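K.L.:
If you scroll down you'll find the structure; I have some questions about it.
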Amino acid sequence: MDALSVKALKPTFYGYRRLLISGVWMALLATRGFAQSISGYVLDENNDPVPFANVFVKELSNGTAADGQGHYYLSVDPGVYNLVFSSVGYQTKSVQVIIKDQPVTRNVALQSSSVQLNEVVVKSNRKDPAYEIIQHVIDNKAKFLSQIKSSRAKVYVRATETGDVKKKKAVRDETDELDKKGPPVDPLAEAKKKEQARLESINMVEMQLVLNYEAPDKYKEERTGYKLYGRPDGLFIPVFSEADFNFYRNLVQLKGIAEVPVISPVSKFAILSYKYKLEDMVREGNQFVYKIKVTPRKTGDATCKGYLYINDQTWNINRLELSLDKGGLKFYDAFTIHQTYQHIEGDVWIPNRQEFTYETKAGARSFKGNTVWVHSDYQRDYSFPPKFFGNEVSVITREAYQRDSSYWKSTRPEPLTPDQQRVVSYRDSVEAARSNQAYLDSMETKFNKITVGEVLYSGIGFRKEAKKSNIYFSPLLSLVNFEVIGGFRLGPYVSYFRKFENGRVLHTSGSFNVGLKNRDWQGNFNVWTRYHPYRLGDASLRAGRSFYSVNSFDAYLNQLRISNFILHDFVDAFHRIELFNGFYLSTDLGFHDRRSVQDYDRTSFLNRVIEEDDPLVFQNYQALISNVRVSYTPQQKFMTEPNQKVVLGSQFPTFSVSHRKGWKGVLASDIDFDYIDFSIEQNLLLGTLGNSKYALTAGKFVNTRDLRYVDLKRFRQSDPYLYSDPLHSFQLLDTSLVATNWFFEFHYLHHFNGALVNNLPLIKKTKIRTVVGAGAMWIRESSYRHEELFGGVERVFKLGARRRLRIGVYGVLAQSNYSAPKTGFKISFDIIDTWKREWSY
């Protein structure tokens with residue numbers, strides 16, 4: 001077969017290794033005085049060598065493999081044997097050989113199989129037989145994807161992270177040691193201190209769960225054991241959907257790890273993205289396994305590199321070791337996936353062990369992590385009761401947190417490393433000490449001790465360990481605040497926080513301040529509570545007096561203008577709860593006594609920077625306003641923990657409807673209006689092309705009998721150079737706008753996540769990303785129309801081990817029916833949310 005011709009190949013290291021091993025076996029067997037050899041070449045119909053051909057001896061249930069030149073060697077006792085010769089792309093051939101008291105030479109010719117590959121694969125096969133092996137996997141992967149209809153298994157998860165600091169070598173000066181006053185340093189105590197510091201830098205989690213699965217994408221975790229040693233911040237502890245790296249799929253999703261999915265090395269068109277090289281063929285029991293090196297044709301965020309191990313004849317994955325490209329990773333500087341498959345029955349193999357190794361660097365510090373998933377008690381075609389699977393994808397019981405050391409010793413399928421054993425012992429001893437009342441009292445006393453630094457700039461706190469509560473008083477430096485109206489104000493701030501054992505949270509705060517110029521007082525009191533953690537039930541009450549920004553979302557310079565402020569006394573009540581999964585009801589009711597600030601001395605240093613304008617002038621009036629908002633996200637996935645519900649998101653849009661009303665005559669309220677709006681928002685994952693987000697809003701005032709200026713629907717004026725949230729504002733809107741009748745607003749944003757620059761090596765090295773977007777608006781009453789397009793580049797910078805700053809530069813083109821087309825440039829700054837692992841936009 002010409003596609004597998006290896007005339008030009010030189011003997012490989014593996015060929016030499018096999019010859020060496022065969023020679024050793026021949027020497028050992030020769031000492032017995034009975035063994036003889038059989039050797040020869042495996043050739044194709046063109047008399048070319050067939051490299052790495054399999055040679056199997058039926059009677060011995062054993063065999064060998066030819067080297068890179070097609071040469072094979074066997075040492076056997078005299079007798080009659082049936083030798084089976086096979087190789088990728090060739091028909092299997094059986095040959096009977098009689099071994100007597102002399103060595104036997106037997107060359108065997110194999111006929112090409114009828115397997116037809118597409119043109120690009122045949123061309124590649126001329127380079128290496130690995131291409132045809134990969135094509136066999138691709139041809140069979142549909143079968144492997146559909147083999148498991150349902151399953152249930154126990155899974156043990158262990159995640160470990162070690163922090164390390166590169167230290168400069170210090171030259172020890174013995175004379176300096178002698179000149180120091182006091183007793184010499186105790187080397188044993190110093191070593192113990194260093195060991196404790198090292199163990200403190202190691203964090204670990206152990207978890208035991210039952211994983212339930214039903215094809216194609218239903219799953220539910222039942223977490224029955226959970227133990228944390230240290231902090232979980234840098235540990236990779238995914239739910240199943242975040243660790244379901246099924247490389248039989250064309251695209252492998254990397255949720256929370258990378259910006260884009262990775263193209264599988266056995267995807268339908270993998271040949272266009274990867275190069276392959278057959279590096280070895282080994283016999284593992286009765287199974288021949290090909291070791292294939294995978295290399296991207298072009299380095300890109302959507303590709304990986306490493307090794308695939310493929311089973312001969314069945315053409316399925318035996319195991320793999322693949323590393324992701326650094327450029328596409330969100331938090332990590334390196335991330336490698338290891339998978340090992342287990343033979344169940346027939347040609348059914350399942351991944352029974354996954355291991356993830358990852359690393360993050362920040363200056364002189366580096367953090368190395370390792371997470372393993374080990375499956376056991378696997379039950380194929382498990383029968384689940386009706387409605388077993390739903391939107392709850394993970395549940396952890398209170399008992400899971402109470403497992404003792406004997407439980408973990410009995411459930412670990414893999415022993416702890418010596419370091420991990422030390423961490424468990426050290427953390428358990430620390431936990432025992434910290435649960436002691438004397439220790440808690442000492443820590444409370446230490447925390448509650450007042451220092452000069454706290455009084456001046458960090459604030460004074462008093463903690464109650466038993467109640468998990470904290471009282472905070474603001475420092476002296478924060479007593480001075482600045483307001484647009486009247487300038488500097490002076491006053492304190494105090495807060496109280498408590499978290500209860502059942503997961504409920506209470507937070508209260510209050511402030512009082514006096515204007516230095518107007519000698520007027522202001523202040524507020526707030527109470528917020530999460531009273532129902534499972535249904536995300538929140539309630540709050542606010543009351544006080546303050547300057548109120550009429551358009552708090554306006555351009556930054558506009559927010560510094562006097563005309564944007566009024567004075568109001570207020571009482572606001574708010575409530576939010578999830579009525580059923582994904583369906584939220586929010587209500588708030590506020591009573592405001594609104595006044596003009598025309599009688600205030602409004603001068604400050606801002607008058608020198610911003611041109612002073614006139615304040616809003618109106619007669620005092622009262623406003624009672626209610627707001628009801630309903631939002632629904634279909635098929636919202638979530639986790640249930642003992643004291644809370646954790647929302648994981650959905651692939652569907654979020655639909656919202658809201659109604660805002662001004663109540664005439666109730667509590668002497670003077671206003672009378674009704675406003676409604678409708679909105680849709682969604683985040684779309686588009687594979688290797690990146691991800692898109694869009695937001696659409698439409699609304700109007702259906703009643704304007706007494707609609708005041710403060711309550712109008714407003715649209716934000718753009719800032720001169722700063723890029724604002726592209727999903728809720730425009731970049732080149734040159735004035736603030738209002739609407740009382742129908743309006744329509746649409747925003748779209750697409751991050752290519754490297755899709756456009758991956759094929760440009762020089763640009764890719766800069767680590768920039770491309771982004772495009774668009775916006776449109778229509779206001780009926782003024783017949784105003786605005787459209788804009790923008791595109792730009794963004795780059796992510798490290799602020800530490802896990803914090804990231806994204807800086808972007810954009811060009812914008814906009815037009816409206818009241819102005820000619822115009823262009824502008826913007827710059828943005830965005831810090832990633834380390835909890836959600838998402839950017840703001």
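In the structure tokens, each chain is lettered A, B, ... as it comes, each chain's residues begin at 1, and ligands are numbered from 1 in order of appearance.
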Using DSSP on the backbone coordinates, identify all residues within stretch 647-765 of chain A classified as strand (DSSP E); present the result as a ChimeraX atom specification.
P.N.:
/A:647-649,654-662,672-685,691-706,713-715,737-739,743-751
K.L.:
Could you go through stretch 650-775 of chain A and tell me which residues DSSP, when run on the backbone, assigns to helix (DSSP H, G or I), listing them as a list in words?
P.N.:
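So the helix (DSSP H, G or I) residues in stretch 650-775 of chain A would be Val666, Leu667, Ala668, Gly687, Thr688, Leu689, Tyr709, Val710, Asp711, Pro761, Leu762, Ile763 and Lys764 of chain A.
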K.L.:
Write out as a list in words which residues come within 12 Å of A:Asp217 when counting only C-alpha atoms, dropping same-chain ones fewer than 6 positions away.
P.N.:
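So, after excluding close chain neighbours, the residues are Leu145, Ser146, Ile148, Lys149, Ser150, Ser151, Phe240, Ser241, Asp244, Asn246, Phe389, Gly390, Asn391 and Val393 of chain A.
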K.L.:
Skipping near chain neighbours, those fewer than 6 positions away, what residues fall within 6 Å of A:Tyr307 using only C-alpha atoms, listed as a list in words?
P.N.:
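Near neighbours after the sequence-gap exclusion: Ile292, Lys293, Val294, Leu320 and Glu321 of chain A.
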K.L.:
Now that the selection is made, can you save its residues with C-alpha atoms as a CSV table (one decimal), in the first residue's frame?
P.N.:
```
chain,number,residue,atom,x,y,z
A,292,ILE,CA,0.2,8.6,18.5
A,293,LYS,CA,1.7,12.1,19.0
A,294,VAL,CA,-0.8,14.9,18.3
A,320,LEU,CA,-4.9,10.2,26.3
A,321,GLU,CA,-2.7,13.1,27.6
```
K.L.:
Closest to A:Pro261 among A:Thr303, A:Gln598, A:Thr105, A:Thr587, using only C-alpha atoms?
P.N.:
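Comparing A:Thr303, A:Gln598, A:Thr105, A:Thr587 against A:Pro261, the winner is A:Thr303.
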K.L.:
Could you state the separation of atom CA of A:Ser394 and atom CA of A:Val239 in Å, given to one decimal place?
P.N.:
7.4 Å
K.L.:
Using only C-alpha atoms, which protein or nucleic acid residues come within 10 Å of A:Gln717? Drop anything in the same chain fewer than 3 positions from it, and give the result as a ChimeraX atom specification.
P.N.:
/A:553-558,714,720,729-737
K.L.:
Give me a file of those residues, with N, CA, C and O atoms, as a PDB file, in the first residue's frame.
P.N.:
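Dumped to selection06.pdb:
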```pdb
ATOM      1  N   PHE A 553     -27.127  56.557  35.679  1.00  0.00           N
ATOM      2  CA  PHE A 553     -26.453  55.780  34.648  1.00  0.00           C
ATOM      3  C   PHE A 553     -25.949  56.657  33.507  1.00  0.00           C
ATOM      4  O   PHE A 553     -25.467  56.166  32.488  1.00  0.00           O
ATOM      5  N   ASP A 554     -26.040  57.970  33.676  1.00  0.00           N
ATOM      6  CA  ASP A 554     -25.651  58.887  32.600  1.00  0.00           C
ATOM      7  C   ASP A 554     -24.125  58.947  32.462  1.00  0.00           C
ATOM      8  O   ASP A 554     -23.381  58.357  33.251  1.00  0.00           O
ATOM      9  N   ALA A 555     -23.661  59.692  31.455  1.00  0.00           N
ATOM     10  CA  ALA A 555     -22.225  59.890  31.267  1.00  0.00           C
ATOM     11  C   ALA A 555     -21.614  60.448  32.542  1.00  0.00           C
ATOM     12  O   ALA A 555     -22.254  61.195  33.291  1.00  0.00           O
ATOM     13  N   TYR A 556     -20.356  60.096  32.782  1.00  0.00           N
ATOM     14  CA  TYR A 556     -19.723  60.457  34.048  1.00  0.00           C
ATOM     15  C   TYR A 556     -19.703  61.966  34.267  1.00  0.00           C
ATOM     16  O   TYR A 556     -19.943  62.444  35.376  1.00  0.00           O
ATOM     17  N   LEU A 557     -19.428  62.729  33.253  1.00  0.00           N
ATOM     18  CA  LEU A 557     -19.393  64.182  33.408  1.00  0.00           C
ATOM     19  C   LEU A 557     -20.778  64.741  33.729  1.00  0.00           C
ATOM     20  O   LEU A 557     -20.912  65.693  34.509  1.00  0.00           O
ATOM     21  N   ASN A 558     -21.810  64.153  33.134  1.00  0.00           N
ATOM     22  CA  ASN A 558     -23.170  64.604  33.432  1.00  0.00           C
ATOM     23  C   ASN A 558     -23.550  64.338  34.878  1.00  0.00           C
ATOM     24  O   ASN A 558     -24.352  65.067  35.475  1.00  0.00           O
ATOM     25  N   ARG A 714     -34.933  57.147  30.501  1.00  0.00           N
ATOM     26  CA  ARG A 714     -33.753  57.855  30.032  1.00  0.00           C
ATOM     27  C   ARG A 714     -32.788  56.927  29.296  1.00  0.00           C
ATOM     28  O   ARG A 714     -32.718  55.733  29.575  1.00  0.00           O
ATOM     29  N   PRO A 720     -16.868  60.718  26.528  1.00  0.00           N
ATOM     30  CA  PRO A 720     -15.973  61.132  25.437  1.00  0.00           C
ATOM     31  C   PRO A 720     -15.005  60.038  24.979  1.00  0.00           C
ATOM     32  O   PRO A 720     -14.842  59.815  23.802  1.00  0.00           O
ATOM     33  N   SER A 729     -25.884  50.252  26.805  1.00  0.00           N
ATOM     34  CA  SER A 729     -25.640  51.655  26.458  1.00  0.00           C
ATOM     35  C   SER A 729     -25.017  51.738  25.073  1.00  0.00           C
ATOM     36  O   SER A 729     -24.590  50.726  24.496  1.00  0.00           O
ATOM     37  N   PHE A 730     -24.946  52.980  24.567  1.00  0.00           N
ATOM     38  CA  PHE A 730     -24.359  53.235  23.254  1.00  0.00           C
ATOM     39  C   PHE A 730     -23.019  53.943  23.429  1.00  0.00           C
ATOM     40  O   PHE A 730     -22.768  54.597  24.431  1.00  0.00           O
ATOM     41  N   GLN A 731     -22.174  53.830  22.407  1.00  0.00           N
ATOM     42  CA  GLN A 731     -20.821  54.372  22.486  1.00  0.00           C
ATOM     43  C   GLN A 731     -20.688  55.766  21.862  1.00  0.00           C
ATOM     44  O   GLN A 731     -19.778  56.510  22.208  1.00  0.00           O
ATOM     45  N   LEU A 732     -21.573  56.132  20.929  1.00  0.00           N
ATOM     46  CA  LEU A 732     -21.492  57.453  20.284  1.00  0.00           C
ATOM     47  C   LEU A 732     -22.851  58.159  20.269  1.00  0.00           C
ATOM     48  O   LEU A 732     -23.237  58.767  19.279  1.00  0.00           O
ATOM     49  N   LEU A 733     -23.560  58.072  21.375  1.00  0.00           N
ATOM     50  CA  LEU A 733     -24.800  58.835  21.522  1.00  0.00           C
ATOM     51  C   LEU A 733     -24.430  60.181  22.128  1.00  0.00           C
ATOM     52  O   LEU A 733     -23.994  60.260  23.276  1.00  0.00           O
ATOM     53  N   ASP A 734     -24.586  61.272  21.360  1.00  0.00           N
ATOM     54  CA  ASP A 734     -24.012  62.562  21.759  1.00  0.00           C
ATOM     55  C   ASP A 734     -24.863  63.367  22.724  1.00  0.00           C
ATOM     56  O   ASP A 734     -24.504  64.488  23.096  1.00  0.00           O
ATOM     57  N   THR A 735     -25.999  62.826  23.156  1.00  0.00           N
ATOM     58  CA  THR A 735     -26.821  63.545  24.119  1.00  0.00           C
ATOM     59  C   THR A 735     -27.667  62.561  24.912  1.00  0.00           C
ATOM     60  O   THR A 735     -27.911  61.438  24.462  1.00  0.00           O
ATOM     61  N   SER A 736     -28.094  62.971  26.089  1.00  0.00           N
ATOM     62  CA  SER A 736     -29.022  62.144  26.859  1.00  0.00           C
ATOM     63  C   SER A 736     -30.413  62.298  26.262  1.00  0.00           C
ATOM     64  O   SER A 736     -30.830  63.399  25.885  1.00  0.00           O
ATOM     65  N   LEU A 737     -31.136  61.197  26.185  1.00  0.00           N
ATOM     66  CA  LEU A 737     -32.466  61.212  25.583  1.00  0.00           C
ATOM     67  C   LEU A 737     -33.496  60.696  26.575  1.00  0.00           C
ATOM     68  O   LEU A 737     -33.167  59.948  27.510  1.00  0.00           O
TER      69      LEU A 737
END
```
K.L.:
Looking at A:Pro232, A:Gly328, A:Gly510, A:Gly824, which one is nearest to A:Leu254, with distances taken over only C-alpha atoms?
P.N.:
A:Gly328
K.L.:
Write out as a PyMOL selection string which residues come within 9 Å of stretch 472-480 of chain A when counting only C-alpha atoms, dropping same-chain ones fewer than 5 positions away.
P.N.:
chain A and resi 453-463+488-497+513
K.L.:
Between atom CA of A:Leu560 and atom CA of A:Asp613, what is the distance in Å, rounded to a tenth?
P.N.:
10.6 Å
K.L.:
Which value, in Å to one decimal, gives the distance between atom CA of A:Leu110 and atom CA of A:Val55?
P.N.:
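Atom-to-atom, atom CA of A:Leu110 and atom CA of A:Val55 are spaced 12.1 Å apart.
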K.L.:
Nearest to A:Phe288 among A:Phe56, A:Phe335, A:Phe565, A:Phe701, with distances taken over only C-alpha atoms: which residue is it?
P.N.:
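Residue with the minimum atom-to-atom distance to A:Phe288: A:Phe56.
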K.L.:
Which is closer to A:Ser425 than all the others in A:Asn82, A:Gln313, A:Asn526, A:Ser405, using only C-alpha atoms?
P.N.:
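Smallest separation from A:Ser425 among the options: A:Ser405.
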K.L.:
For A:His750, please output as a PyMOL selection string all residues within 9 Å (counting only C-alpha atoms; exclusion window: fewer than 3 positions along the same chain).
P.N.:
chain A and resi 690-694+753+770-773
K.L.:
Hey, can you spit out that residue selection with N, CA and C atoms as a PDB file, in the first residue's frame?
P.N.:
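The file below, out28.pdb, is the result:
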```pdb
ATOM      1  N   GLY A 690     -16.294  31.724  18.912  1.00  0.00           N
ATOM      2  CA  GLY A 690     -16.360  32.652  20.032  1.00  0.00           C
ATOM      3  C   GLY A 690     -17.714  32.601  20.716  1.00  0.00           C
ATOM      4  N   ASN A 691     -18.089  33.687  21.363  1.00  0.00           N
ATOM      5  CA  ASN A 691     -19.384  33.757  22.036  1.00  0.00           C
ATOM      6  C   ASN A 691     -20.027  35.117  21.813  1.00  0.00           C
ATOM      7  N   SER A 692     -21.340  35.103  21.737  1.00  0.00           N
ATOM      8  CA  SER A 692     -22.114  36.317  21.498  1.00  0.00           C
ATOM      9  C   SER A 692     -23.059  36.576  22.662  1.00  0.00           C
ATOM     10  N   LYS A 693     -23.360  37.847  22.866  1.00  0.00           N
ATOM     11  CA  LYS A 693     -24.355  38.259  23.839  1.00  0.00           C
ATOM     12  C   LYS A 693     -25.258  39.294  23.179  1.00  0.00           C
ATOM     13  N   TYR A 694     -26.534  39.261  23.535  1.00  0.00           N
ATOM     14  CA  TYR A 694     -27.427  40.291  23.018  1.00  0.00           C
ATOM     15  C   TYR A 694     -28.433  40.676  24.091  1.00  0.00           C
ATOM     16  N   ASN A 753     -12.595  35.495  20.590  1.00  0.00           N
ATOM     17  CA  ASN A 753     -11.755  34.636  21.435  1.00  0.00           C
ATOM     18  C   ASN A 753     -10.616  33.982  20.670  1.00  0.00           C
ATOM     19  N   THR A 770     -10.027  39.913  19.236  1.00  0.00           N
ATOM     20  CA  THR A 770     -10.865  40.825  18.467  1.00  0.00           C
ATOM     21  C   THR A 770     -12.309  40.739  18.953  1.00  0.00           C
ATOM     22  N   VAL A 771     -13.006  41.851  18.851  1.00  0.00           N
ATOM     23  CA  VAL A 771     -14.391  41.935  19.295  1.00  0.00           C
ATOM     24  C   VAL A 771     -15.138  42.878  18.367  1.00  0.00           C
ATOM     25  N   VAL A 772     -16.387  42.575  18.081  1.00  0.00           N
ATOM     26  CA  VAL A 772     -17.248  43.445  17.281  1.00  0.00           C
ATOM     27  C   VAL A 772     -18.595  43.561  17.983  1.00  0.00           C
ATOM     28  N   GLY A 773     -19.335  44.586  17.611  1.00  0.00           N
ATOM     29  CA  GLY A 773     -20.647  44.758  18.214  1.00  0.00           C
ATOM     30  C   GLY A 773     -21.483  45.752  17.438  1.00  0.00           C
TER      31      GLY A 773
END
```
K.L.:
When distances are computed from only C-alpha atoms, which of A:Ala109, A:Val205, A:Val710, A:Ala801 shows the smallest separation from A:Pro238?
P.N.:
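The shortest atom-to-atom distance to A:Pro238 comes from A:Val205.
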